[in-house]
>>> print(open('input22.txt').read())   # compact mmCIF, C-alpha atoms
# COMPACT_ATOMS: atom_id res chain seq x y z
CA MET A 1 82.13 129.69 7.99
CA ILE A 2 78.51 129.86 6.75
CA ASN A 3 79.30 133.00 4.78
CA ARG A 4 82.29 131.36 3.15
CA GLN A 5 80.23 128.38 2.02
CA LEU A 6 77.53 130.63 0.56
CA HIS A 7 80.15 132.71 -1.19
CA SER A 8 81.79 129.67 -2.76
CA LEU A 9 78.46 128.36 -4.02
CA LEU A 10 77.47 131.64 -5.59
CA LYS A 11 80.84 131.88 -7.40
CA ILE A 12 80.20 128.62 -9.31
CA LYS A 13 79.97 129.43 -13.01
CA SER A 14 76.70 127.77 -13.78
CA LYS A 15 73.38 128.89 -15.14
CA PHE A 16 71.61 127.21 -12.27
CA VAL A 17 72.29 127.24 -8.53
CA ASP A 18 71.46 124.24 -6.45
CA LYS A 19 68.88 125.52 -4.02
CA ASN A 20 68.97 122.40 -1.94
CA ALA A 21 72.66 122.90 -1.44
CA ILE A 22 72.11 126.40 -0.20
CA PHE A 23 69.31 125.47 2.23
CA SER A 24 71.29 122.52 3.51
CA ILE A 25 73.72 125.02 4.94
CA PHE A 26 70.98 126.37 7.22
CA ASN A 27 70.39 122.90 8.58
CA ALA A 28 73.98 122.59 9.55
CA PRO A 29 74.59 121.63 13.19
CA ILE A 30 76.56 124.78 13.83
CA LEU A 31 73.66 127.02 12.74
CA SER A 32 71.26 125.06 14.92
CA LEU A 33 73.63 125.47 17.83
CA LEU A 34 73.96 129.20 17.23
CA ILE A 35 70.20 129.69 17.05
CA LYS A 36 69.64 127.70 20.23
CA SER A 37 72.34 129.67 21.98
CA PHE A 38 70.87 132.95 20.82
CA LEU A 39 67.36 131.99 22.01
CA LEU A 40 68.71 130.85 25.37
CA ILE A 41 70.56 134.14 25.89
CA LEU A 42 67.45 136.08 24.86
CA PHE A 43 65.29 134.08 27.33
CA LEU A 44 67.75 134.52 30.21
CA PHE A 45 67.99 138.27 29.47
CA SER A 46 64.20 138.56 29.44
CA VAL A 47 63.84 136.69 32.75
CA SER A 48 66.57 138.72 34.41
CA CYS A 49 64.93 141.96 33.28
CA ASN A 50 61.55 140.86 34.62
CA GLN A 51 63.12 139.81 37.92
CA PHE A 52 64.82 143.17 38.19
CA LYS A 53 61.57 144.95 37.35
CA VAL A 54 59.57 143.04 39.98
CA SER A 55 62.18 143.43 42.69
CA LYS A 56 62.47 147.12 41.99
CA GLU A 57 58.98 147.81 43.41
CA GLU A 58 57.61 146.30 46.62
CA VAL A 59 54.25 144.59 46.18
CA ILE A 60 51.63 145.47 48.83
CA ALA A 61 48.66 143.44 47.62
CA ARG A 62 47.43 141.34 44.71
CA VAL A 63 44.06 140.60 43.16
CA GLY A 64 44.38 138.04 40.37
CA SER A 65 47.15 139.28 38.09
CA VAL A 66 46.86 142.92 39.22
CA TYR A 67 49.31 144.23 41.83
CA LEU A 68 49.25 147.17 44.23
CA TYR A 69 52.76 148.57 44.71
CA ARG A 70 54.21 150.63 47.50
CA THR A 71 54.60 153.60 45.15
CA ASP A 72 50.83 153.53 44.56
CA LEU A 73 50.27 153.61 48.31
CA GLU A 74 52.80 156.36 48.98
CA LYS A 75 50.78 158.75 46.84
CA GLU A 76 48.02 158.50 49.46
CA LEU A 77 50.19 158.61 52.60
CA ASP A 78 50.66 162.38 52.50
CA LEU A 79 46.92 162.81 53.05
CA PHE A 80 47.02 160.99 56.39
CA ILE A 81 47.41 163.21 59.46
CA ASN A 82 49.13 161.08 62.13
CA LYS A 83 50.45 157.56 62.72
CA ASP A 84 47.18 156.06 63.98
CA ASP A 85 45.29 157.78 61.21
CA SER A 86 47.87 156.56 58.70
CA ILE A 87 47.61 152.90 59.77
CA LEU A 88 43.82 152.89 59.68
CA ASN A 89 43.55 154.75 56.39
CA THR A 90 46.29 152.66 54.78
CA ARG A 91 44.35 149.46 55.52
CA ASN A 92 41.11 151.06 54.36
CA PHE A 93 42.79 152.21 51.13
CA ILE A 94 44.19 148.72 50.44
CA ASP A 95 40.81 147.08 51.16
CA GLN A 96 39.02 149.55 48.93
CA TRP A 97 41.55 148.96 46.15
CA ALA A 98 40.99 145.20 46.51
CA ARG A 99 37.20 145.56 46.45
CA ASN A 100 37.38 147.68 43.31
CA GLN A 101 39.67 145.21 41.55
CA ILE A 102 37.62 142.16 42.59
CA ILE A 103 34.38 143.76 41.35
CA LEU A 104 36.07 144.89 38.13
CA GLN A 105 37.49 141.45 37.41
CA GLN A 106 34.20 139.73 38.29
CA ALA A 107 32.36 142.18 36.03
CA LYS A 108 34.64 141.38 33.10
CA ILE A 109 34.00 137.67 33.64
CA ASN A 110 30.24 137.81 34.17
CA LEU A 111 29.08 140.60 31.88
CA ASN A 112 28.27 139.55 28.35
CA LEU A 113 30.39 140.68 25.41
CA GLU A 114 27.83 143.24 24.23
CA GLU A 115 27.75 144.94 27.66
CA ILE A 116 31.54 145.00 27.88
CA GLU A 117 31.87 146.51 24.40
CA SER A 118 29.26 149.13 25.25
CA LEU A 119 31.10 150.07 28.47
CA ASP A 120 34.46 150.19 26.67
CA ALA A 121 32.94 152.54 24.09
CA LEU A 122 31.65 154.80 26.89
CA ILE A 123 35.09 154.78 28.53
CA ASP A 124 36.79 155.67 25.25
CA GLN A 125 34.32 158.50 24.63
CA TYR A 126 34.72 159.79 28.21
CA LYS A 127 38.50 159.82 27.76
CA ILE A 128 38.14 161.79 24.52
CA ASP A 129 35.73 164.26 26.15
CA LEU A 130 37.92 164.67 29.22
CA TYR A 131 41.08 165.41 27.25
CA SER A 132 39.28 167.59 24.70
CA ASN A 133 37.38 169.68 27.24
CA THR A 134 40.45 170.17 29.43
CA TYR A 135 42.53 171.25 26.44
CA LYS A 136 39.82 173.59 25.11
CA GLN A 137 39.37 175.10 28.57
CA THR A 138 43.13 175.68 28.85
CA VAL A 139 43.24 177.42 25.46
CA LEU A 140 40.07 179.37 26.27
CA ASN A 141 41.48 180.63 29.60
CA LYS A 142 44.56 181.96 27.81
CA SER A 143 42.69 183.46 24.86
CA ILE A 144 39.32 184.82 25.92
CA ASP A 145 38.91 188.41 27.05
CA THR A 146 37.16 188.47 30.45
CA ILE A 147 37.03 192.26 30.76
CA ILE A 148 33.52 193.65 30.17
CA SER A 149 33.19 197.41 29.92
CA VAL A 150 30.43 199.49 31.51
CA GLN A 151 29.32 200.51 28.02
CA GLU A 152 28.92 196.87 27.03
CA LEU A 153 26.89 196.14 30.16
CA ASP A 154 24.62 199.16 29.58
CA SER A 155 24.16 198.30 25.92
CA PHE A 156 23.21 194.71 26.75
CA LEU A 157 20.73 195.88 29.41
CA ILE A 158 19.07 198.37 27.04
CA GLN A 159 18.66 195.70 24.36
CA ASN A 160 17.29 193.11 26.79
CA GLN A 161 15.34 195.09 29.39
CA SER A 162 12.22 192.96 29.06
CA ILE A 163 13.96 189.79 30.27
CA PHE A 164 15.25 191.48 33.44
CA LYS A 165 11.96 192.65 34.95
CA LEU A 166 11.62 191.65 38.59
CA ASN A 167 9.42 188.70 39.47
CA SER A 168 9.32 189.80 43.12
CA PRO A 169 10.16 192.96 45.14
CA LEU A 170 13.65 193.90 46.31
CA TYR A 171 14.55 196.04 49.33
CA GLN A 172 17.47 198.04 50.73
CA VAL A 173 17.01 198.40 54.48
CA ARG A 174 18.84 198.81 57.76
CA TYR A 175 17.62 197.28 60.97
CA ILE A 176 18.55 196.83 64.63
CA GLN A 177 16.84 194.82 67.35
CA LEU A 178 17.78 195.79 70.91
CA PRO A 179 16.93 194.46 74.39
CA HIS A 180 14.65 196.76 76.42
CA ASP A 181 17.36 197.54 78.97
CA ASN A 182 20.07 198.68 76.53
CA VAL A 183 21.78 201.73 78.09
CA ASP A 184 23.00 203.16 74.77
CA VAL A 185 19.61 203.16 73.09
CA ASN A 186 19.45 206.94 72.53
CA GLU A 187 22.92 207.15 70.96
CA ILE A 188 22.18 204.08 68.89
CA LYS A 189 18.91 205.59 67.67
CA ARG A 190 20.60 208.86 66.73
CA SER A 191 23.41 207.15 64.83
CA PHE A 192 20.98 204.79 63.15
CA GLN A 193 18.93 207.67 61.72
CA ARG A 194 21.86 209.89 60.71
CA PHE A 195 24.01 206.96 59.48
CA ASN A 196 27.16 208.71 58.28
CA THR A 197 30.57 207.04 58.16
CA GLU A 198 31.29 207.64 61.84
CA ASP A 199 27.84 206.37 62.79
CA VAL A 200 28.42 203.15 60.86
CA TYR A 201 31.68 202.56 62.75
CA PHE A 202 29.98 203.34 66.05
CA LEU A 203 27.07 201.01 65.46
CA ASP A 204 29.36 198.25 64.23
CA SER A 205 31.42 198.56 67.42
CA LEU A 206 28.25 198.00 69.48
CA SER A 207 26.83 195.22 67.33
CA PHE A 208 27.58 192.63 70.04
CA GLN A 209 24.78 194.31 72.06
CA PHE A 210 22.19 193.79 69.32
CA THR A 211 19.85 190.82 69.22
CA ASN A 212 19.83 191.10 65.42
CA HIS A 213 20.91 193.71 62.88
CA ILE A 214 21.34 194.70 59.22
CA LEU A 215 23.83 197.55 58.93
CA VAL A 216 24.71 197.33 55.22
CA ASP A 217 21.84 199.09 53.46
CA SER A 218 23.46 198.96 50.01
CA VAL A 219 22.62 195.28 49.59
CA TRP A 220 19.34 194.34 47.92
CA ILE A 221 17.35 191.58 49.63
CA ASN A 222 14.21 189.83 48.48
CA LYS A 223 10.90 189.60 50.28
CA SER A 224 11.37 186.17 51.83
CA ASN A 225 14.77 187.11 53.30
CA LEU A 226 13.33 190.38 54.61
CA LEU A 227 10.53 188.60 56.47
CA SER A 228 12.87 185.97 57.89
CA GLU A 229 15.52 188.47 59.06
CA ILE A 230 13.23 191.10 60.62
CA SER A 231 11.10 189.50 63.32
CA PHE A 232 8.38 192.16 63.68
CA LEU A 233 7.56 192.11 59.96
CA ASN A 234 4.95 189.77 58.47
CA GLN A 235 2.70 189.53 55.41
CA GLU A 236 -0.05 191.55 57.12
CA ASN A 237 1.99 194.59 58.23
CA LEU A 238 4.60 194.65 55.43
CA ASN A 239 2.97 197.43 53.42
CA LYS A 240 2.64 199.52 56.57
CA TYR A 241 6.40 199.63 57.17
CA ILE A 242 7.75 199.53 53.63
CA LYS A 243 7.89 203.31 53.24
CA LYS A 244 10.90 204.72 51.44
CA SER A 245 13.15 207.01 53.54
CA GLN A 246 10.94 206.67 56.62
CA PHE A 247 12.25 205.72 60.08
CA PHE A 248 10.29 203.41 62.37
CA GLU A 249 10.78 202.56 66.04
CA ILE A 250 8.70 199.60 67.18
CA GLU A 251 8.56 197.99 70.60
CA ASP A 252 7.04 194.72 71.80
CA SER A 253 7.66 192.10 74.47
CA LEU A 254 10.80 190.84 72.69
CA GLY A 255 12.61 194.19 72.46
CA VAL A 256 13.00 197.47 70.59
CA TYR A 257 13.25 197.57 66.77
CA LEU A 258 14.80 200.33 64.66
CA PHE A 259 13.88 200.09 60.98
CA PHE A 260 14.60 202.20 57.90
CA VAL A 261 13.86 201.55 54.22
CA LYS A 262 16.50 203.15 52.02
CA ASN A 263 14.97 201.97 48.74
CA HIS A 264 12.67 199.32 47.31
CA LEU A 265 11.70 197.97 43.90
CA MET A 266 8.38 196.39 43.06
CA LYS A 267 7.50 193.42 40.87
CA GLY A 268 7.88 194.38 37.20
CA ASP A 269 10.54 197.07 37.86
CA ILE A 270 13.92 196.96 36.15
CA PRO A 271 16.66 196.36 38.76
CA PRO A 272 19.64 198.76 38.91
CA ASN A 273 22.93 197.83 37.27
CA GLU A 274 24.58 196.74 40.51
CA VAL A 275 21.95 194.02 40.83
CA LEU A 276 22.11 192.93 37.21
CA SER A 277 25.84 193.31 36.54
CA PRO A 278 26.91 189.82 37.76
CA THR A 279 24.15 188.17 35.72
CA ILE A 280 24.86 190.20 32.58
CA LYS A 281 28.61 189.55 32.87
CA ASN A 282 27.97 185.81 33.05
CA ILE A 283 25.70 185.96 30.01
CA ILE A 284 28.23 187.95 27.96
CA LEU A 285 31.12 185.68 29.00
CA ASN A 286 29.11 182.56 28.14
CA GLN A 287 28.33 184.05 24.73
CA ARG A 288 32.04 184.70 24.18
CA LYS A 289 32.88 181.13 25.23
CA LEU A 290 30.32 179.62 22.88
CA LYS A 291 31.60 181.75 20.02
CA PHE A 292 35.21 180.86 20.84
CA ASN A 293 34.50 177.11 21.03
CA LYS A 294 32.67 177.16 17.72
CA GLN A 295 35.51 179.03 15.99
CA PHE A 296 38.17 176.90 17.72
CA GLU A 297 36.64 173.65 16.45
CA LYS A 298 36.30 175.11 12.96
CA ASP A 299 39.91 176.37 12.91
CA ILE A 300 41.44 173.20 14.31
CA LEU A 301 39.76 171.10 11.62
CA HIS A 302 40.79 173.55 8.88
CA ASP A 303 44.43 173.55 10.10
CA ALA A 304 44.50 169.74 10.19
CA ILE A 305 43.25 169.53 6.59
CA LYS A 306 45.72 172.21 5.46
CA SER A 307 48.67 170.43 7.08
CA LYS A 308 47.43 167.05 5.78
CA THR A 309 47.15 165.76 9.32
CA TYR A 310 43.51 164.97 8.55
CA GLU A 311 42.58 163.35 5.26
CA ILE A 312 39.42 161.67 3.99
CA TYR A 313 39.92 158.71 1.64
>>> encode(input="input22.txt", output="structure tokens")
Amino acid sequence: MINRQLHSLLKIKSKFVDKNAIFSIFNAPILSLLIKSFLLILFLFSVSCNQFKVSKEEVIARVGSVYLYRTDLEKELDLFINKDDSILNTRNFIDQWARNQIILQQAKINLNLEEIESLDALIDQYKIDLYSNTYKQTVLNKSIDTIISVQELDSFLIQNQSIFKLNSPLYQVRYIQLPHDNVDVNEIKRSFQRFNTEDVYFLDSLSFQFTNHILVDSVWINKSNLLSEISFLNQENLNKYIKKSQFFEIEDSLGVYLFFVKNHLMKGDIPPNEVLSPTIKNIILNQRKLKFNKQFEKDILHDAIKSKTYEIY
């Protein structure tokens, strides 16, 4: 009906159209009724949707206008071991959630605007950093070469020998402490000195008889660990027993000690590759990561400019 009236007005052959006549149509009772009906339907639809939304999830707790739903709680339930544990931890989780929300809401009320804006800026920056670093790490893990050749390790060591000089001695030793009454002492002593593959198995099989022992002489240990592990050694007698490829048998009131120094390095010596390899690998990998990150940030900016994703006005 409204359309027909508009159409008839516009068809009038006149140089001027009566605007008041046109706008009077929109004040017609039927239009008012239609608008009111439309708004009522829209309101009822909105309310019904909200009711459906609320009823869809069961509310567990409320602090102010913030709700804790069962789905939020169910994410934590799998971590609880048994029924009693579940009940206790469920209540603790709800109370902790409430405390956090109460403090948060009180903070927003009581902190001044400048403090809130400063915290919001920190939160925004943390979010950016968290997403960016996670993404860069994901790309890095897929892209970076983690294999480091022996030649690369040797080359790095040769070029940087001065920074790898020892600040304190290192030792390769083997050691056994036995009770005085051990019945296998002679066989143990013989295997300890010879120390071939069979001897290592034999000694390891009897290790439950030893008061203390070090049977892996390929591992380098520092001075402090040596003194703490081997009870008869101390600062005064250390030089007496640190003799390369020399066997010692010592006895005191606590037992019998078998001791052998396979190798040792003094302060200022360059450690062997097996000692330095983990450190050098970490240095080389960190250098690759720094180089990758620098190039990645440069490329991503260049690509954004090229694709017009990033523009400066």
>>> closest_residue(input="input22.txt", among="A:Asp129, A:Ser277, A:Glu115, A:Gln209", to="Asp181 of chain A", atoms="all atoms listed in the file")
A:Gln209
>>> closest_atom_pairs(input="input22.txt", of="segment 116-208 of chain A", to="segment 296-304 of chain A", cutoff="10 Å", atoms="all atoms listed in the file", output="CSV")
residue,atom,partner,partner_atom,distance
A:Lys136,CA,A:Phe296,CA,8.3
A:Val139,CA,A:Phe296,CA,9.3
A:Leu140,CA,A:Phe296,CA,9.1
>>> residues_around(input="input22.txt", residues="segment 159-169 of chain A", least_positions_apart="5", cutoff="10 Å", atoms="only C-alpha atoms", output="PyMOL selection string")
chain A and resi 154+220-224+264-271+276+279-280
>>> atom_distance(input="input22.txt", atom1="atom CA of Leu206 of chain A", atom2="atom CA of Ser228 of chain A")
22.7 Å
>>> atom_distance(input="input22.txt", atom1="atom CA of Lys281 of chain A", atom2="atom CA of Gln137 of chain A")
18.5 Å
>>> residues_around(input="input22.txt", residues="segment 96-105 of chain A", least_positions_apart="6", cutoff="10 Å", atoms="only C-alpha atoms", output="count of residues only")
9
>>> closest_residue(input="input22.txt", among="A:Leu157, A:Leu178, A:Ala107, A:Val183", to="Leu254 of chain A", atoms="all atoms listed in the file")
A:Leu178
>>> residues_around(input="input22.txt", residues="segment 192-197 of chain A", least_positions_apart="2", cutoff="12 Å", atoms="only C-alpha atoms", output="ChimeraX atom specification")
/A:173-177,184-190,199-204,206-207,213-217,245-249,257-262
>>> atom_distance(input="input22.txt", atom1="atom CA of Asn286 of chain A", atom2="atom CA of Leu122 of chain A")
27.9 Å
>>> residues_around(input="input22.txt", residues="segment 143-149 of chain A", least_positions_apart="2", cutoff="8 Å", atoms="all atoms listed in the file", output="number ranges by chain")
A: 139-141, 151-153, 281, 285, 288-289, 292
>>> closest_residue(input="input22.txt", among="A:Asn282, A:Pro179, A:Glu198, A:Gln287", to="Asp252 of chain A", atoms="only C-alpha atoms")
A:Pro179
>>> build_atoms(input="input22.txt", residues="segment 173-202 of chain A", atoms="N, CA and C atoms", output="short mmCIF file (atom, residue, chain, number, x, y, z; two decimals), in the coordinates of the input")
data_model
loop_
_atom_site.label_atom_id
_atom_site.label_comp_id
_atom_site.auth_asym_id
_atom_site.auth_seq_id
_atom_site.Cartn_x
_atom_site.Cartn_y
_atom_site.Cartn_z
N VAL A 173 17.46 197.97 53.15
CA VAL A 173 17.01 198.40 54.48
C VAL A 173 18.18 198.34 55.47
N ARG A 174 17.99 199.03 56.60
CA ARG A 174 18.84 198.81 57.76
C ARG A 174 17.94 198.56 58.95
N TYR A 175 18.50 197.81 59.91
CA TYR A 175 17.62 197.28 60.97
C TYR A 175 18.46 196.92 62.19
N ILE A 176 17.92 197.24 63.37
CA ILE A 176 18.55 196.83 64.63
C ILE A 176 17.46 196.38 65.59
N GLN A 177 17.71 195.27 66.26
CA GLN A 177 16.84 194.82 67.35
C GLN A 177 17.64 194.86 68.65
N LEU A 178 17.09 195.57 69.64
CA LEU A 178 17.78 195.79 70.91
C LEU A 178 16.98 195.21 72.07
N PRO A 179 17.66 194.80 73.15
CA PRO A 179 16.93 194.46 74.39
C PRO A 179 16.34 195.74 74.99
N HIS A 180 15.29 195.59 75.80
CA HIS A 180 14.65 196.76 76.42
C HIS A 180 15.59 197.56 77.30
N ASP A 181 16.52 196.89 77.96
CA ASP A 181 17.36 197.54 78.97
C ASP A 181 18.69 198.06 78.41
N ASN A 182 18.82 198.20 77.11
CA ASN A 182 20.07 198.68 76.53
C ASN A 182 20.32 200.13 76.95
N VAL A 183 21.49 200.40 77.54
CA VAL A 183 21.78 201.73 78.09
C VAL A 183 22.17 202.73 77.02
N ASP A 184 22.55 202.26 75.84
CA ASP A 184 23.00 203.16 74.77
C ASP A 184 21.91 203.42 73.73
N VAL A 185 20.68 203.13 74.07
CA VAL A 185 19.61 203.16 73.09
C VAL A 185 19.47 204.51 72.40
N ASN A 186 19.62 205.61 73.14
CA ASN A 186 19.45 206.94 72.53
C ASN A 186 20.56 207.25 71.52
N GLU A 187 21.81 206.94 71.89
CA GLU A 187 22.92 207.15 70.96
C GLU A 187 22.79 206.24 69.74
N ILE A 188 22.37 205.04 69.99
CA ILE A 188 22.18 204.08 68.89
C ILE A 188 21.11 204.58 67.93
N LYS A 189 20.01 205.09 68.49
CA LYS A 189 18.91 205.59 67.67
C LYS A 189 19.36 206.78 66.83
N ARG A 190 20.13 207.68 67.43
CA ARG A 190 20.60 208.86 66.73
C ARG A 190 21.55 208.48 65.59
N SER A 191 22.48 207.60 65.87
CA SER A 191 23.41 207.15 64.83
C SER A 191 22.71 206.36 63.74
N PHE A 192 21.73 205.60 64.11
CA PHE A 192 20.98 204.79 63.15
C PHE A 192 20.24 205.68 62.14
N GLN A 193 19.67 206.77 62.61
CA GLN A 193 18.93 207.67 61.72
C GLN A 193 19.85 208.52 60.86
N ARG A 194 20.93 209.03 61.45
CA ARG A 194 21.86 209.89 60.71
C ARG A 194 22.69 209.05 59.74
N PHE A 195 23.32 208.01 60.23
CA PHE A 195 24.01 206.96 59.48
C PHE A 195 25.09 207.47 58.53
N ASN A 196 25.97 208.33 59.06
CA ASN A 196 27.16 208.71 58.28
C ASN A 196 28.29 207.71 58.56
N THR A 197 29.46 207.99 58.04
CA THR A 197 30.57 207.04 58.16
C THR A 197 30.93 206.75 59.61
N GLU A 198 30.97 207.81 60.42
CA GLU A 198 31.29 207.64 61.84
C GLU A 198 30.20 206.85 62.55
N ASP A 199 28.95 207.09 62.16
CA ASP A 199 27.84 206.37 62.79
C ASP A 199 27.91 204.87 62.47
N VAL A 200 28.30 204.57 61.25
CA VAL A 200 28.42 203.15 60.86
C VAL A 200 29.48 202.46 61.71
N TYR A 201 30.63 203.12 61.90
CA TYR A 201 31.68 202.56 62.75
C TYR A 201 31.19 202.40 64.19
N PHE A 202 30.48 203.38 64.67
CA PHE A 202 29.98 203.34 66.05
C PHE A 202 29.00 202.18 66.24
#
